[in-house]
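structure.cif, holding mmCIF, C-alpha atoms:
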data_model
loop_
_atom_site.label_atom_id
_atom_site.label_comp_id
_atom_site.auth_asym_id
_atom_site.auth_seq_id
_atom_site.Cartn_x
_atom_site.Cartn_y
_atom_site.Cartn_z
CA MET A 16 43.50 49.72 132.62
CA LYS A 17 46.72 51.39 133.78
CA ASN A 18 49.95 50.97 131.87
CA GLN A 19 51.64 48.01 133.53
CA THR A 20 55.39 47.25 133.48
CA PRO A 21 56.32 43.70 132.46
CA ILE A 22 57.72 41.59 135.28
CA ILE A 23 60.14 40.01 132.75
CA GLN A 24 61.15 41.57 129.46
CA LEU A 25 63.52 40.16 126.87
CA LYS A 26 64.90 42.55 124.25
CA GLY A 27 66.82 41.17 121.27
CA LEU A 28 68.03 38.22 123.34
CA GLY A 29 70.64 35.97 121.76
CA LYS A 30 72.90 33.23 123.05
CA GLU A 31 75.80 31.46 121.36
CA PHE A 32 77.91 28.57 122.58
CA THR A 33 81.40 27.99 121.19
CA GLY A 34 83.06 24.61 121.38
CA SER A 35 85.32 22.26 119.45
CA GLN A 36 82.67 21.93 116.71
CA GLY A 37 82.44 25.69 116.25
CA THR A 38 79.76 28.14 117.29
CA VAL A 39 76.14 27.17 117.87
CA ARG A 40 73.48 29.87 117.98
CA ALA A 41 70.94 28.67 120.56
CA LEU A 42 68.81 31.85 120.67
CA GLU A 43 68.43 34.67 118.20
CA ASN A 44 66.68 38.01 118.56
CA ILE A 45 64.07 36.97 121.15
CA ASP A 46 61.66 39.71 122.24
CA LEU A 47 59.13 38.89 124.94
CA GLU A 48 57.15 40.71 127.60
CA ILE A 49 55.61 38.81 130.50
CA MET A 50 53.20 40.65 132.76
CA SER A 51 52.52 39.67 136.35
CA GLY A 52 49.92 36.90 136.45
CA GLU A 53 50.52 35.69 132.89
CA ILE A 54 51.45 32.11 132.11
CA PHE A 55 53.69 31.33 129.15
CA GLY A 56 54.71 27.99 127.72
CA ILE A 57 57.74 27.59 125.49
CA ILE A 58 57.55 24.65 123.15
CA GLY A 59 59.96 23.26 120.61
CA LEU A 60 62.01 20.27 119.60
CA SER A 61 64.81 18.86 121.76
CA GLY A 62 67.85 21.09 121.40
CA ALA A 63 65.81 24.08 120.21
CA GLY A 64 67.02 26.31 123.08
CA LYS A 65 64.07 26.15 125.52
CA SER A 66 66.24 25.44 128.58
CA THR A 67 68.77 28.04 127.48
CA LEU A 68 66.00 30.62 127.19
CA VAL A 69 64.66 29.86 130.67
CA ARG A 70 68.19 29.96 132.14
CA CYS A 71 68.84 33.30 130.44
CA MET A 72 65.71 34.74 132.08
CA ASN A 73 67.38 34.56 135.49
CA PHE A 74 70.96 34.91 134.24
CA LEU A 75 72.06 31.39 135.10
CA GLU A 76 73.15 31.65 131.46
CA VAL A 77 74.41 35.08 130.44
CA PRO A 78 73.04 36.08 127.03
CA THR A 79 75.53 36.82 124.27
CA GLU A 80 73.42 39.75 123.13
CA GLY A 81 70.28 41.61 124.08
CA GLU A 82 68.87 42.39 127.49
CA VAL A 83 66.82 40.74 130.23
CA LEU A 84 64.88 43.05 132.52
CA PHE A 85 63.16 42.03 135.74
CA GLU A 86 60.68 44.59 137.01
CA ASP A 87 62.21 47.08 134.56
CA ARG A 88 65.76 46.54 135.89
CA PRO A 89 68.41 45.10 133.52
CA LEU A 90 70.00 41.99 134.99
CA SER A 91 73.25 42.73 133.14
CA LYS A 92 73.70 45.97 135.11
CA MET A 93 73.22 44.35 138.53
CA THR A 94 76.00 43.61 140.95
CA ASP A 95 76.40 39.97 142.02
CA ARG A 96 74.59 40.81 145.26
CA GLU A 97 71.69 42.52 143.44
CA LEU A 98 71.41 39.57 141.06
CA ARG A 99 71.26 37.11 143.99
CA GLU A 100 68.53 39.24 145.59
CA THR A 101 66.58 39.39 142.32
CA ARG A 102 66.84 35.62 141.85
CA ARG A 103 65.14 35.20 145.23
CA SER A 104 62.04 36.64 143.54
CA MET A 105 62.29 33.94 140.85
CA GLY A 106 61.47 30.35 141.71
CA MET A 107 63.14 27.84 139.42
CA ILE A 108 62.19 24.22 138.80
CA PHE A 109 64.87 22.35 136.87
CA GLN A 110 64.57 19.19 134.77
CA GLN A 111 67.22 17.49 136.92
CA PHE A 112 65.55 18.34 140.28
CA ASN A 113 68.82 19.67 141.81
CA LEU A 114 67.95 18.37 145.26
CA LEU A 115 70.64 18.28 147.94
CA ALA A 116 71.44 14.59 148.53
CA GLN A 117 72.64 15.07 152.11
CA ARG A 118 69.37 16.73 153.21
CA ASN A 119 66.04 15.06 153.76
CA ILE A 120 63.13 16.42 151.74
CA LEU A 121 61.87 18.67 154.54
CA LYS A 122 65.30 20.30 154.74
CA ASN A 123 65.49 20.51 150.92
CA VAL A 124 62.24 22.50 150.88
CA CYS A 125 63.50 24.66 153.78
CA PHE A 126 66.78 25.47 152.00
CA PRO A 127 65.69 28.61 150.06
CA MET A 128 63.99 29.92 153.19
CA GLU A 129 67.25 29.40 155.14
CA LEU A 130 68.99 31.56 152.53
CA GLN A 131 66.40 34.25 153.20
CA LYS A 132 67.00 33.93 156.96
CA THR A 133 63.45 32.73 157.66
CA PRO A 134 63.21 31.49 161.26
CA LYS A 135 63.53 27.70 161.39
CA ASP A 136 60.06 27.08 162.88
CA GLN A 137 58.39 29.23 160.20
CA ALA A 138 60.42 27.58 157.44
CA GLU A 139 59.52 24.08 158.61
CA LYS A 140 55.84 25.01 158.93
CA ARG A 141 55.81 26.38 155.36
CA ALA A 142 57.75 23.34 154.08
CA ARG A 143 55.28 20.94 155.68
CA GLU A 144 52.36 22.83 154.10
CA LEU A 145 54.01 22.54 150.69
CA LEU A 146 54.87 18.86 151.14
CA GLU A 147 51.21 18.28 152.02
CA MET A 148 50.19 20.16 148.88
CA VAL A 149 52.39 17.96 146.65
CA GLY A 150 51.31 14.74 148.39
CA LEU A 151 54.57 14.00 150.23
CA ALA A 152 53.78 14.96 153.83
CA ASP A 153 54.45 11.38 154.95
CA ARG A 154 57.95 11.37 153.37
CA GLU A 155 59.47 14.48 155.00
CA LYS A 156 62.33 12.49 156.57
CA ALA A 157 63.19 10.62 153.35
CA TYR A 158 66.30 11.52 151.38
CA PRO A 159 66.27 12.18 147.61
CA ALA A 160 67.90 8.79 146.88
CA GLN A 161 64.87 7.11 148.49
CA LEU A 162 62.37 8.81 146.15
CA SER A 163 61.11 8.09 142.66
CA GLY A 164 61.71 10.60 139.88
CA GLY A 165 58.18 11.93 140.18
CA GLN A 166 58.51 12.34 143.95
CA LYS A 167 61.80 14.22 143.50
CA GLN A 168 60.09 16.50 141.00
CA ARG A 169 57.30 17.23 143.48
CA VAL A 170 59.90 18.11 146.14
CA ALA A 171 61.55 20.46 143.63
CA ILE A 172 58.18 22.11 142.97
CA ALA A 173 57.56 22.55 146.71
CA ARG A 174 61.03 24.04 147.15
CA ALA A 175 60.51 26.48 144.27
CA LEU A 176 57.27 27.69 145.85
CA ALA A 177 58.69 27.96 149.39
CA THR A 178 59.57 31.65 149.24
CA ASN A 179 56.42 32.77 147.39
CA PRO A 180 58.36 33.95 144.34
CA LYS A 181 57.01 36.66 142.04
CA VAL A 182 57.93 34.50 139.03
CA LEU A 183 58.17 30.75 138.65
CA LEU A 184 60.49 29.57 135.85
CA CYS A 185 60.00 25.92 134.97
CA ASP A 186 62.22 23.79 132.77
CA GLU A 187 60.11 20.73 131.95
CA ALA A 188 58.84 20.79 135.52
CA THR A 189 56.26 18.06 134.97
CA SER A 190 58.35 15.68 132.82
CA ALA A 191 58.71 13.12 135.63
CA LEU A 192 55.14 13.41 136.91
CA ASP A 193 52.03 11.38 136.29
CA PRO A 194 49.30 13.28 134.38
CA ASN A 195 47.20 13.89 137.52
#
As C-alpha cells, how would this structure be written, given the file I've shared?
Amino acid sequence: MKNQTPIIQLKGLGKEFTGSQGTVRALENIDLEIMSGEIFGIIGLSGAGKSTLVRCMNFLEVPTEGEVLFEDRPLSKMTDRELRETRRSMGMIFQQFNLLAQRNILKNVCFPMELQKTPKDQAEKRARELLEMVGLADREKAYPAQLSGGQKQRVAIARALATNPKVLLCDEATSALDPN
C-alpha cells in the first residue's frame, strides 16, 4: 500500500474562548489524521467541544493553537479566497440546519451549486436527485417554515451532498431524524 496523505490532519489543536466568566479551554492538544474514505465519530458529553472541533476542521472557528491541514495544506496559511475554495471541498451539516428561509427547499439544495457557478438546469437536476434520495421529492416547492425538524435536517443533508464534497463534516446531523 502506498503512503497516503491524510485528507484532514489536526496537529496539537487547541481552542480557548474568553468571556466575562474567564477563559474556557474547549480543545486541548488534539492530534488526528483522517484518510480519504475513513469515517470518524466524535462522541462526548454536551459542552465537551465536539461542535467546536468540527468547526475548527473547516476554520469556521479559528483554533487558538495548533494546525489544521486539508490535503496537506495548512488552513491558517490560506488567503480568504483559498479558504473559501477549500471549504467547497468540505460539505457541512449543522445541528441548526442553517436553511435559507426565503428559498424553497429545491433552491436551498441548489444554493452551494450556484456558488460554484453550476448551470441552473444541472443544479436543479442534481437537487431533485438528492431530494428524491432523502425522501422529499414531493416537497421541493415547500419553504423551511413548512417542514418538520426532521425534514429540515434531510434538506440540509441533501444540500451538503450537492457539490460532491471530498469531506462531509457533520455536527449531530441525525439528531432530528427518525432512526430509519
Region 118-134 of chain A environment, 8 Å, all atoms listed in the file, sequence neighbours closer than 3 positions dropped, as a CSV table (one decimal) with C-alpha atoms, in the coordinates of the input:
chain,number,residue,atom,x,y,z
A,114,LEU,CA,68.0,18.4,145.3
A,115,LEU,CA,70.6,18.3,147.9
A,137,GLN,CA,58.4,29.2,160.2
A,138,ALA,CA,60.4,27.6,157.4
A,139,GLU,CA,59.5,24.1,158.6
A,142,ALA,CA,57.8,23.3,154.1
A,143,ARG,CA,55.3,20.9,155.7
A,146,LEU,CA,54.9,18.9,151.1
A,154,ARG,CA,58.0,11.4,153.4
A,155,GLU,CA,59.5,14.5,155.0
A,156,LYS,CA,62.3,12.5,156.6
A,157,ALA,CA,63.2,10.6,153.4
A,158,TYR,CA,66.3,11.5,151.4
A,159,PRO,CA,66.3,12.2,147.6
A,170,VAL,CA,59.9,18.1,146.1
A,171,ALA,CA,61.6,20.5,143.6
A,173,ALA,CA,57.6,22.6,146.7
A,174,ARG,CA,61.0,24.0,147.2
A,175,ALA,CA,60.5,26.5,144.3
A,177,ALA,CA,58.7,28.0,149.4
A,178,THR,CA,59.6,31.6,149.2
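Minimum atom-to-atom distances from A:Lys167, A:Lys30, A:Lys135, A:Lys65 to Val77 (chain A) were compared using all atoms listed in the file, and the lowest value belongs to A:Lys30.
Residue selection for this entry, given the PyMOL selection byres ((chain A and resi 29) around 10), comprises A:Leu25, A:Lys26, A:Gly27, A:Leu28, A:Lys30, A:Glu31, A:Arg40, A:Ala41, A:Leu42, A:Glu43, A:Asn44, A:Ile45, A:Asp46, A:Thr67, A:Leu68, A:Cys71, A:Val77, A:Pro78, A:Thr79, A:Glu80, A:Gly81, A:Glu82.
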**Request:** Quick one: apply the PyMOL selection byres ((chain A and resi 54) around 12) to the file and drop the selected residues here as number ranges by chain.
**Result:** A: 22-23, 48-53, 55-57, 182-185
**Prompt:** Near region 96-101 of chain A, within 10 Å and counting only C-alpha atoms, which residues show up once chain neighbours fewer than 2 positions away are dropped, as number ranges by chain?
**Reply:** A: 73-74, 85-86, 88-94, 103-105, 131, 181
**Prompt:** What is the distance between CA of Ser61 (chain A) and CA of Phe32 (chain A), in Å to one decimal?
**Reply:** 16.3 Å
**Asked** What is the distance, in Å and to one decimal place, between CA of Gln24 (chain A) and CA of Met72 (chain A)?
**Response** 8.6 Å
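The coordinates place CA of Thr20 (chain A) at 10.4 Å from CA of Leu84 (chain A).
Minimum atom-to-atom distance to Arg102 (chain A), evaluated using only C-alpha atoms, belongs to A:Pro180 out of A:Ala63, A:Pro180, A:Thr38, A:Gly165.
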**Request:** Compare A:Arg141, A:Glu76, A:Ile58, A:Val69 by their minimum atom-to-atom distance to Phe109 (chain A), counting all atoms listed in the file, and give me the closest one.
**Result:** A:Val69
Need the axis-aligned box for region 82-101 of chain A with 5 Å each side, so what are the centre and edges in Å to one decimal, as AutoDock Vina command-line options?
--center_x 68.5 --center_y 42.1 --center_z 136.5 --size_x 25.7 --size_y 20.0 --size_z 28.1
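Across A:Leu176, A:Leu162, A:Leu60, A:Ala116, the tightest approach to Glu144 (chain A) is made by A:Leu176 when counting all atoms listed in the file.
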**Message:** From the options A:Gln117, A:Gly64, A:Ile108, A:Asp136, which residue's atoms come nearest to Arg169 (chain A), counting all atoms listed in the file?
**Reply:** A:Ile108
Can I get C-alpha atoms for region 19-88 of chain A, as a CSV table (one decimal), in the first residue's frame?
chain,number,residue,atom,x,y,z
A,19,GLN,CA,-1.2,8.1,1.6
A,20,THR,CA,-1.6,11.8,2.7
A,21,PRO,CA,-4.4,12.4,5.2
A,22,ILE,CA,-7.3,14.4,3.7
A,23,ILE,CA,-7.6,16.2,7.1
A,24,GLN,CA,-4.9,16.4,9.7
A,25,LEU,CA,-5.0,18.1,13.1
A,26,LYS,CA,-1.7,18.8,14.9
A,27,GLY,CA,-1.7,20.0,18.5
A,28,LEU,CA,-5.1,21.7,18.0
A,29,GLY,CA,-6.4,23.8,20.8
A,30,LYS,CA,-9.2,26.3,21.2
A,31,GLU,CA,-10.0,28.7,24.0
A,32,PHE,CA,-12.9,31.1,24.5
A,33,THR,CA,-12.6,34.1,26.7
A,34,GLY,CA,-15.7,35.8,28.1
A,35,SER,CA,-17.0,37.5,31.3
A,36,GLN,CA,-16.5,34.3,33.3
A,37,GLY,CA,-12.9,34.0,32.2
A,38,THR,CA,-11.2,31.6,29.8
A,39,VAL,CA,-12.7,28.3,28.9
A,40,ARG,CA,-10.4,25.7,27.2
A,41,ALA,CA,-12.7,23.8,24.7
A,42,LEU,CA,-10.0,21.8,23.0
A,43,GLU,CA,-6.5,20.8,24.1
A,44,ASN,CA,-3.7,19.2,22.1
A,45,ILE,CA,-5.8,17.3,19.6
A,46,ASP,CA,-3.9,15.2,17.1
A,47,LEU,CA,-5.9,13.4,14.4
A,48,GLU,CA,-5.3,12.1,10.9
A,49,ILE,CA,-8.3,11.3,8.6
A,50,MET,CA,-7.6,9.4,5.4
A,51,SER,CA,-9.9,9.6,2.4
A,52,GLY,CA,-12.7,7.1,2.8
A,53,GLU,CA,-12.5,6.9,6.5
A,54,ILE,CA,-15.4,7.6,8.8
A,55,PHE,CA,-14.9,9.1,12.2
A,56,GLY,CA,-17.4,9.7,15.0
A,57,ILE,CA,-16.7,12.2,17.8
A,58,ILE,CA,-18.6,11.4,21.0
A,59,GLY,CA,-18.7,13.2,24.3
A,60,LEU,CA,-20.9,14.9,26.8
A,61,SER,CA,-22.8,18.2,26.0
A,62,GLY,CA,-20.3,21.0,26.1
A,63,ALA,CA,-17.3,18.8,25.7
A,64,GLY,CA,-16.2,20.6,22.5
A,65,LYS,CA,-17.5,18.3,19.7
A,66,SER,CA,-19.0,21.1,17.7
A,67,THR,CA,-16.0,23.3,18.3
A,68,LEU,CA,-13.8,20.6,17.0
A,69,VAL,CA,-15.9,20.1,13.8
A,70,ARG,CA,-16.0,23.9,13.2
A,71,CYS,CA,-12.2,24.1,13.6
A,72,MET,CA,-11.7,21.5,10.9
A,73,ASN,CA,-13.0,23.9,8.3
A,74,PHE,CA,-11.9,27.1,10.1
A,75,LEU,CA,-15.4,28.3,10.8
A,76,GLU,CA,-13.7,28.5,14.3
A,77,VAL,CA,-10.1,29.5,14.2
A,78,PRO,CA,-8.0,27.4,16.6
A,79,THR,CA,-6.1,29.2,19.3
A,80,GLU,CA,-3.2,26.9,18.8
A,81,GLY,CA,-2.1,24.0,16.6
A,82,GLU,CA,-2.7,23.5,12.9
A,83,VAL,CA,-5.4,22.1,10.6
A,84,LEU,CA,-4.3,20.8,7.2
A,85,PHE,CA,-6.6,19.8,4.3
A,86,GLU,CA,-4.9,17.7,1.7
A,87,ASP,CA,-1.5,18.6,3.3
A,88,ARG,CA,-2.2,22.4,3.1
